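**Q** Have a look at this one before I ask anything.
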Amino acid sequence: MDEQVDFHIPPAIFLMLWNLPNGAYGISYDIDTRKTEDVPPHGWGLYRAATYRGLAKQLQRRGYEQCQYSDWLNADTTAADTYMTMLSLMRIEPPGKLQSTLKGVKIHYLADPGGLDGTNTIELGGAYSMHLRGPTRAREYPSCCTSGIAAAPSVHQRI
């Protein structure tokens with residue numbers, strides 16, 4: 001069943017969207033895993049992966065690329081198109097699933113989509129995290145921090 005959904009955008013929102021600059025816009029969402037996976041009547045009794053695949057398919061069709069798990073970016077679009085794309089996410093199957101499992105969804109404008117990524121500076125070994133500040137599992141040490149560290153012996157060795 002291919003459901004056609006028409007959206008009426010309130011005039012105040014339309015005017016706000018119309019006055020925003022063209023450029024890089026993102027869509028981020030958060031889905032309630034319990035409401036997705038719990039068995040009826042408390043949830044849909046479905047794997048969350050199906051929800052994420054449906055959202056990914058819809059976003060990719062509209063020119064969005066995945067930045068992180070639930071964070072998508074279109075580097076060349078309009079605020080109005082991004083808003084319509086956000087509303088189009090309600091079309092994923094089965095009907096009503098997104099609306100009843102959604103924790104949050106928002107669109108955002110990025111003046112410089114690549115310039116505000118703090119991953120490399122915050123992750124271990126980056127400018128703000130050059131040293132460990134607490135216990136860390138040996139296999140999670142980045143190569144920049146492993147000199148002089150001996151791996152702990154396995155506790156499962158046979159004697």
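Residues in the structure tokens are numbered from 1 in each chain, the chains being A, B, ... in the order shown, and ligands are numbered from 1 in the order shown.
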Mind checking which residues fall within 12 Å of range 116-118 of chain A, counting only C-alpha atoms, ignoring those fewer than 6 positions away in the same chain, and posting them as a PyMOL selection string?

**A** chain A and resi 67-68+110+124+126-129

**Q** For the residues in that selection, give me N, CA, C and O atoms as an mmCIF file, in the first residue's frame.

**A**
```cif
data_model
loop_
_atom_site.group_PDB
_atom_site.id
_atom_site.type_symbol
_atom_site.label_atom_id
_atom_site.label_comp_id
_atom_site.auth_asym_id
_atom_site.auth_seq_id
_atom_site.Cartn_x
_atom_site.Cartn_y
_atom_site.Cartn_z
ATOM 1 N N CYS A 67 25.933 11.306 8.133
ATOM 2 C CA CYS A 67 27.112 11.804 8.858
ATOM 3 C C CYS A 67 27.419 10.883 10.023
ATOM 4 O O CYS A 67 28.560 10.495 10.245
ATOM 5 N N GLN A 68 26.395 10.582 10.800
ATOM 6 C CA GLN A 68 26.473 9.648 11.908
ATOM 7 C C GLN A 68 25.195 8.833 11.860
ATOM 8 O O GLN A 68 24.361 9.013 10.985
ATOM 9 N N LEU A 110 23.772 24.434 8.673
ATOM 10 C CA LEU A 110 25.192 24.445 8.999
ATOM 11 C C LEU A 110 25.904 25.451 8.103
ATOM 12 O O LEU A 110 25.986 25.260 6.893
ATOM 13 N N LEU A 124 40.525 10.237 21.878
ATOM 14 C CA LEU A 124 41.803 9.958 22.522
ATOM 15 C C LEU A 124 42.934 10.108 21.525
ATOM 16 O O LEU A 124 42.897 9.546 20.435
ATOM 17 N N GLY A 126 43.714 13.180 20.420
ATOM 18 C CA GLY A 126 43.475 14.483 19.820
ATOM 19 C C GLY A 126 43.990 15.608 20.709
ATOM 20 O O GLY A 126 44.492 15.380 21.815
ATOM 21 N N ALA A 127 43.877 16.832 20.229
ATOM 22 C CA ALA A 127 44.418 17.997 20.927
ATOM 23 C C ALA A 127 43.879 18.157 22.347
ATOM 24 O O ALA A 127 44.587 18.622 23.228
ATOM 25 N N TYR A 128 42.637 17.769 22.604
ATOM 26 C CA TYR A 128 42.039 17.934 23.938
ATOM 27 C C TYR A 128 42.095 16.669 24.783
ATOM 28 O O TYR A 128 41.714 16.684 25.952
ATOM 29 N N SER A 129 42.534 15.567 24.209
ATOM 30 C CA SER A 129 42.583 14.289 24.938
ATOM 31 C C SER A 129 43.869 13.550 24.610
ATOM 32 O O SER A 129 43.853 12.431 24.107
#
```

**Q** Can you tell me which residues surround Ser70 in chain A at a distance of at most 10 Å, considering only C-alpha atoms, apart from same-chain residues fewer than 6 positions away, and format the answer as a PyMOL selection string?

**A** chain A and resi 27-31+52+55-56+105

**Q** Could you turn the residues from that selection into a file that holds N, CA and C atoms, as a JSON list (two decimals), in the first residue's frame?

**A**
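Saved result, selection_35.json, follows:
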```json
[["chain", "number", "residue", "atom", "x", "y", "z"],
["A", 27, "ILE", "N", 19.31, 16.76, 8.96],
["A", 27, "ILE", "CA", 18.14, 16.20, 9.66],
["A", 27, "ILE", "C", 18.67, 15.19, 10.66],
["A", 28, "SER", "N", 18.24, 15.33, 11.92],
["A", 28, "SER", "CA", 18.63, 14.40, 12.98],
["A", 28, "SER", "C", 17.37, 13.86, 13.63],
["A", 29, "TYR", "N", 17.41, 12.61, 14.04],
["A", 29, "TYR", "CA", 16.24, 12.00, 14.66],
["A", 29, "TYR", "C", 16.65, 11.03, 15.76],
["A", 30, "ASP", "N", 15.71, 10.73, 16.62],
["A", 30, "ASP", "CA", 15.91, 9.76, 17.70],
["A", 30, "ASP", "C", 14.65, 8.91, 17.78],
["A", 31, "ILE", "N", 14.81, 7.60, 17.67],
["A", 31, "ILE", "CA", 13.70, 6.66, 17.68],
["A", 31, "ILE", "C", 13.72, 5.88, 18.99],
["A", 52, "TYR", "N", 15.45, 2.12, 10.66],
["A", 52, "TYR", "CA", 16.60, 2.90, 10.20],
["A", 52, "TYR", "C", 16.84, 2.72, 8.70],
["A", 55, "LEU", "N", 14.22, 4.91, 6.94],
["A", 55, "LEU", "CA", 14.61, 6.33, 7.03],
["A", 55, "LEU", "C", 15.78, 6.63, 6.09],
["A", 56, "ALA", "N", 16.76, 5.74, 6.07],
["A", 56, "ALA", "CA", 17.93, 5.93, 5.20],
["A", 56, "ALA", "C", 17.52, 5.98, 3.74],
["A", 105, "VAL", "N", 12.88, 14.79, 16.25],
["A", 105, "VAL", "CA", 13.41, 15.00, 14.90],
["A", 105, "VAL", "C", 13.55, 16.49, 14.71]]
```

**Q** Excluding Trp44 in chain A and residues on its chain fewer than 5 positions from it, collect all residues at most 9 Å away from it, counting only C-alpha atoms, and give them as number ranges by chain.

**A** A: 34-39, 97, 101

**Q** Restricted to N, CA and C atoms, what would the selected residues look like written as a PDB file, in the first residue's frame?

**A**
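Wrote again33.pdb, looks like this:
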```pdb
ATOM      1  N   ARG A  34      12.452   0.805  22.533  1.00  0.00           N
ATOM      2  CA  ARG A  34      11.458  -0.034  23.233  1.00  0.00           C
ATOM      3  C   ARG A  34      10.130  -0.057  22.486  1.00  0.00           C
ATOM      4  N   LYS A  35       9.659   1.110  22.060  1.00  0.00           N
ATOM      5  CA  LYS A  35       8.383   1.172  21.340  1.00  0.00           C
ATOM      6  C   LYS A  35       8.467   0.473  19.987  1.00  0.00           C
ATOM      7  N   THR A  36       9.658   0.370  19.448  1.00  0.00           N
ATOM      8  CA  THR A  36       9.845  -0.314  18.172  1.00  0.00           C
ATOM      9  C   THR A  36       9.897  -1.821  18.355  1.00  0.00           C
ATOM     10  N   GLU A  37      10.678  -2.290  19.333  1.00  0.00           N
ATOM     11  CA  GLU A  37      10.957  -3.716  19.450  1.00  0.00           C
ATOM     12  C   GLU A  37      10.062  -4.481  20.418  1.00  0.00           C
ATOM     13  N   ASP A  38       9.471  -3.813  21.409  1.00  0.00           N
ATOM     14  CA  ASP A  38       8.593  -4.529  22.341  1.00  0.00           C
ATOM     15  C   ASP A  38       7.413  -5.135  21.589  1.00  0.00           C
ATOM     16  N   VAL A  39       6.947  -6.267  22.086  1.00  0.00           N
ATOM     17  CA  VAL A  39       5.826  -6.937  21.417  1.00  0.00           C
ATOM     18  C   VAL A  39       4.532  -6.163  21.653  1.00  0.00           C
ATOM     19  N   LYS A  97       4.279   3.962  12.056  1.00  0.00           N
ATOM     20  CA  LYS A  97       5.356   3.477  12.921  1.00  0.00           C
ATOM     21  C   LYS A  97       6.243   4.628  13.389  1.00  0.00           C
ATOM     22  N   THR A 101       6.833   6.049  17.363  1.00  0.00           N
ATOM     23  CA  THR A 101       8.090   5.648  18.003  1.00  0.00           C
ATOM     24  C   THR A 101       9.100   6.789  18.072  1.00  0.00           C
TER      25      THR A 101
END
```

**Q** I need the residues in chain A that are strand (DSSP E or B) according to DSSP; give them as a PyMOL selection string.

**A** chain A and resi 23-31+65-68+71-77+102-110

**Q** So which one's closest to Phe7 in chain A, A:Lys106, A:His42, A:Arg61, A:Arg91? Using only C-alpha atoms, please.

**A**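 For Phe7 in chain A, the nearest of the given residues is A:Arg91.
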
**Q** Which parts of chain A does DSSP call helix (DSSP H, G or I) when run on the backbone here, written out as an MDAnalysis selection string?

**A** chainID A and resid 11:18 33:37 48:61 79:91 97:101 119:122 138:140 143:145

**Q** Output C-alpha atoms of each residue in that selection to a file, as a PDB file, in the first residue's frame.

**A**
```pdb
ATOM      1  CA  PRO A  11       1.985  30.208   6.577  1.00  0.00           C
ATOM      2  CA  ALA A  12       4.199  31.400   9.469  1.00  0.00           C
ATOM      3  CA  ILE A  13       6.488  28.363   9.132  1.00  0.00           C
ATOM      4  CA  PHE A  14       6.528  28.647   5.335  1.00  0.00           C
ATOM      5  CA  LEU A  15       7.596  32.296   5.509  1.00  0.00           C
ATOM      6  CA  MET A  16      10.313  31.500   8.038  1.00  0.00           C
ATOM      7  CA  LEU A  17      11.641  28.686   5.819  1.00  0.00           C
ATOM      8  CA  TRP A  18      11.448  30.881   2.710  1.00  0.00           C
ATOM      9  CA  THR A  33      13.885   1.393  20.660  1.00  0.00           C
ATOM     10  CA  ARG A  34      11.458  -0.034  23.233  1.00  0.00           C
ATOM     11  CA  LYS A  35       8.383   1.172  21.340  1.00  0.00           C
ATOM     12  CA  THR A  36       9.845  -0.314  18.172  1.00  0.00           C
ATOM     13  CA  GLU A  37      10.957  -3.716  19.450  1.00  0.00           C
ATOM     14  CA  ARG A  48      14.826  -1.277  14.860  1.00  0.00           C
ATOM     15  CA  ALA A  49      17.112  -1.890  11.864  1.00  0.00           C
ATOM     16  CA  ALA A  50      14.056  -1.924   9.586  1.00  0.00           C
ATOM     17  CA  THR A  51      13.101   1.557  10.796  1.00  0.00           C
ATOM     18  CA  TYR A  52      16.595   2.896  10.201  1.00  0.00           C
ATOM     19  CA  ARG A  53      16.738   1.297   6.725  1.00  0.00           C
ATOM     20  CA  GLY A  54      13.422   2.928   5.810  1.00  0.00           C
ATOM     21  CA  LEU A  55      14.609   6.325   7.029  1.00  0.00           C
ATOM     22  CA  ALA A  56      17.935   5.933   5.201  1.00  0.00           C
ATOM     23  CA  LYS A  57      16.202   5.034   1.958  1.00  0.00           C
ATOM     24  CA  GLN A  58      13.900   8.062   2.175  1.00  0.00           C
ATOM     25  CA  LEU A  59      16.763  10.437   3.018  1.00  0.00           C
ATOM     26  CA  GLN A  60      19.082   9.081   0.320  1.00  0.00           C
ATOM     27  CA  ARG A  61      16.323   9.518  -2.275  1.00  0.00           C
ATOM     28  CA  ALA A  79      15.245  25.063   4.314  1.00  0.00           C
ATOM     29  CA  ALA A  80      11.820  24.415   2.750  1.00  0.00           C
ATOM     30  CA  ASP A  81      13.003  21.270   0.977  1.00  0.00           C
ATOM     31  CA  THR A  82      14.645  20.049   4.183  1.00  0.00           C
ATOM     32  CA  TYR A  83      11.423  20.628   6.097  1.00  0.00           C
ATOM     33  CA  MET A  84       9.455  18.690   3.465  1.00  0.00           C
ATOM     34  CA  THR A  85      12.053  15.912   3.596  1.00  0.00           C
ATOM     35  CA  MET A  86      11.625  15.745   7.368  1.00  0.00           C
ATOM     36  CA  LEU A  87       7.853  15.392   6.923  1.00  0.00           C
ATOM     37  CA  SER A  88       8.350  12.763   4.206  1.00  0.00           C
ATOM     38  CA  LEU A  89       9.936  10.467   6.786  1.00  0.00           C
ATOM     39  CA  MET A  90       6.393   9.699   7.948  1.00  0.00           C
ATOM     40  CA  ARG A  91       6.024   7.625   4.764  1.00  0.00           C
ATOM     41  CA  LYS A  97       5.356   3.477  12.921  1.00  0.00           C
ATOM     42  CA  LEU A  98       7.556   6.576  12.862  1.00  0.00           C
ATOM     43  CA  GLN A  99       4.915   8.799  14.410  1.00  0.00           C
ATOM     44  CA  SER A 100       4.395   6.383  17.315  1.00  0.00           C
ATOM     45  CA  THR A 101       8.090   5.648  18.003  1.00  0.00           C
ATOM     46  CA  THR A 119      35.831  14.378  16.585  1.00  0.00           C
ATOM     47  CA  ASN A 120      39.561  14.462  15.831  1.00  0.00           C
ATOM     48  CA  THR A 121      40.326  16.895  18.634  1.00  0.00           C
ATOM     49  CA  ILE A 122      38.199  15.232  21.318  1.00  0.00           C
ATOM     50  CA  ALA A 138      43.965  -2.101  26.125  1.00  0.00           C
ATOM     51  CA  ARG A 139      42.499  -2.607  22.637  1.00  0.00           C
ATOM     52  CA  GLU A 140      40.972   0.894  22.708  1.00  0.00           C
ATOM     53  CA  SER A 143      48.370   4.054  18.044  1.00  0.00           C
ATOM     54  CA  CYS A 144      49.519   7.473  19.287  1.00  0.00           C
ATOM     55  CA  CYS A 145      49.168   6.387  22.919  1.00  0.00           C
TER      56      CYS A 145
END
```

**Q** CA of Tyr69 in chain A and CA of Gly45 in chain A, how far apart in Å?

**A** 21.6 Å

**Q** At what distance in Å, to one decimal, does CA of Pro21 in chain A lie from CA of Asp76 in chain A?

**A** 10.6 Å

**Q** Rounded to one decimal in Å, what is the spacing between CA of Pro113 in chain A and CA of Tyr25 in chain A?

**A** 8.5 Å
